[in-house]
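Visitor: Below are the structure tokens for one structure; questions will follow.
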Amino acid sequence: MKKHKEKIMECVFMFSACISILAVLLICVFLFVNGVPAMKEIGFGKFLTGQMWRPKNDIYGILPMIIGSIYVTGGAILIGVPVGILTAIFLAKFCPKGLYKIIKPAVDLLAGIPSVVYGFFGLVVIVPFVREHFQGNGQSILTASILLGIMILPTIIGVSESAIQAVPQFYYEGALALGATHERSVFLAMLPAAKSGIFAAVVLGVGRAIGETMAVIMVAGNQPRIPDSIYKGVRTLTANIVLEMGYATDLHREALIATGVVLFVFILLINTAFSLLKRKEG
């Protein structure tokens, strides 16, 4: 009877895994079948390197959106990754138990806040702050980067803390036995051992940042042009799709799906780059 139960559960797990793989394959097929022909009709070079997006004139160039996505995601990484990793280290090895019971639920709460609420926060708080203390009207790359940096914190903190907590305690104790201080034991013994999980946290954070739409639309300015300053407005790939998909038809609609193909490939390249870096470091 026990063997039958194990066999049944094995089949259930296998079925669930196959469903996940099938879902990914169907998404890939839909994107490439609908997007690649549009890229071919427009011209791969014109589509990827064109600097103007004018659907009414059948001009589809997504270079400004590609650069905008890179700038906003890069800014979010510069802000969110150091803060997230240091916070995870603090929670895992330095935080008093009483304070941990306050900070940990607050971090978990950040993960549950809807994107549109983050967008309203950015529109009401961050945009006026940037407008008053920096250049421009406040809706800019800088504003979007700050907001996305805040939004990726729960992912980076949660995964990084779990990775640090999973490091065997004898790493820490061995470093102490060799004369290292508490700080050196954590940063030079435990942190390198947890780098695999921290890399995973960074990858997930990058994926969250580059795939975010609603909050970015509300604070980035949504201007399809190549920015020459972090204080200028910008439109990302995801924002471009959401803003125009509702009324797009024919080639315009297919061009937006092709934009999704570029975004999909972009995320794959980022994940591959992180995997290669992780393997090289290992």
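To be explicit about the labels: the chains of the structure tokens are called A, B, and onward in the order shown, and within each one the residues are counted from 1, while ligands get numbers from 1 in the order they are shown.
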For stretch 263-268 of chain A, list every protein, DNA or RNA residue within 9 Å, evaluated using only C-alpha atoms, and leave out those in the same chain fewer than 4 positions away; present the list as a PyMOL selection string.
Guide: chain A and resi 28+31+66+206-207+210-211+237-238+258-259+272-273
Visitor: Please identify all polymer residues within 9 Å of stretch 167-180 of chain A, counting only C-alpha atoms, omitting same-chain residues fewer than 2 positions from it, and present them as a list in words.
Guide: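 Near stretch 167-180 of chain A, the qualifying residues are Ser162, Ala163, Ile164, Gln165, His182, Glu183, Arg184, Ser185, Val186, Leu188, Ala189, Met190, Leu191, Ala193 and Ala194 of chain A.
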Visitor: Excluding A:Met39 and any residue of its chain fewer than 4 positions from it, enumerate the residues within 8 Å of it, using only C-alpha atoms, and give them as a VMD selection string.
Guide: chain A and resid 35 43 to 44 47 255 258
Visitor: Go ahead and dump the residues you just picked, all heavy atoms, as a PDB file, in the first residue's frame.
Guide:
```pdb
ATOM      1  N   GLY A  35       5.365  37.277 -32.787  1.00  0.00           N
ATOM      2  CA  GLY A  35       6.270  38.419 -32.765  1.00  0.00           C
ATOM      3  C   GLY A  35       7.328  38.424 -33.843  1.00  0.00           C
ATOM      4  O   GLY A  35       7.621  39.468 -34.441  1.00  0.00           O
ATOM      5  N   GLY A  43      11.640  44.729 -40.201  1.00  0.00           N
ATOM      6  CA  GLY A  43      13.090  44.693 -40.378  1.00  0.00           C
ATOM      7  C   GLY A  43      13.754  44.583 -39.021  1.00  0.00           C
ATOM      8  O   GLY A  43      13.546  45.456 -38.171  1.00  0.00           O
ATOM      9  N   PHE A  44      14.527  43.518 -38.810  1.00  0.00           N
ATOM     10  CA  PHE A  44      15.128  43.303 -37.496  1.00  0.00           C
ATOM     11  C   PHE A  44      15.986  44.492 -37.074  1.00  0.00           C
ATOM     12  O   PHE A  44      15.938  44.937 -35.924  1.00  0.00           O
ATOM     13  CB  PHE A  44      15.970  42.017 -37.500  1.00  0.00           C
ATOM     14  CG  PHE A  44      15.155  40.756 -37.523  1.00  0.00           C
ATOM     15  CD1 PHE A  44      14.901  40.109 -38.719  1.00  0.00           C
ATOM     16  CD2 PHE A  44      14.644  40.230 -36.355  1.00  0.00           C
ATOM     17  CE1 PHE A  44      14.151  38.941 -38.747  1.00  0.00           C
ATOM     18  CE2 PHE A  44      13.894  39.058 -36.367  1.00  0.00           C
ATOM     19  CZ  PHE A  44      13.642  38.415 -37.560  1.00  0.00           C
ATOM     20  N   PHE A  47      13.774  47.547 -36.311  1.00  0.00           N
ATOM     21  CA  PHE A  47      12.984  47.340 -35.099  1.00  0.00           C
ATOM     22  C   PHE A  47      13.845  47.469 -33.845  1.00  0.00           C
ATOM     23  O   PHE A  47      13.455  48.141 -32.880  1.00  0.00           O
ATOM     24  CB  PHE A  47      12.334  45.957 -35.145  1.00  0.00           C
ATOM     25  CG  PHE A  47      11.416  45.681 -33.989  1.00  0.00           C
ATOM     26  CD1 PHE A  47      10.195  46.331 -33.868  1.00  0.00           C
ATOM     27  CD2 PHE A  47      11.772  44.764 -33.010  1.00  0.00           C
ATOM     28  CE1 PHE A  47       9.350  46.079 -32.794  1.00  0.00           C
ATOM     29  CE2 PHE A  47      10.937  44.504 -31.942  1.00  0.00           C
ATOM     30  CZ  PHE A  47       9.720  45.162 -31.830  1.00  0.00           C
ATOM     31  N   ALA A 255       3.779  44.290 -33.467  1.00  0.00           N
ATOM     32  CA  ALA A 255       5.019  44.938 -33.036  1.00  0.00           C
ATOM     33  C   ALA A 255       5.120  44.966 -31.510  1.00  0.00           C
ATOM     34  O   ALA A 255       6.212  44.828 -30.953  1.00  0.00           O
ATOM     35  CB  ALA A 255       5.094  46.358 -33.597  1.00  0.00           C
ATOM     36  N   ALA A 258       6.109  41.595 -30.499  1.00  0.00           N
ATOM     37  CA  ALA A 258       7.545  41.477 -30.772  1.00  0.00           C
ATOM     38  C   ALA A 258       8.366  42.162 -29.683  1.00  0.00           C
ATOM     39  O   ALA A 258       9.462  41.699 -29.341  1.00  0.00           O
ATOM     40  CB  ALA A 258       7.866  42.075 -32.143  1.00  0.00           C
TER      41      ALA A 258
END
```
Visitor: Report the distance between atom CA of A:Gly50 and atom CA of A:Ser145 in Å, rounded to one decimal place.
Guide: 24.5 Å
Visitor: Which of these, A:Val116, A:Leu153, A:Ala144, A:Val24, has the shortest distance to A:Val83 once you count only C-alpha atoms?
Guide: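 Among the listed residues, A:Leu153 lies closest to A:Val83.
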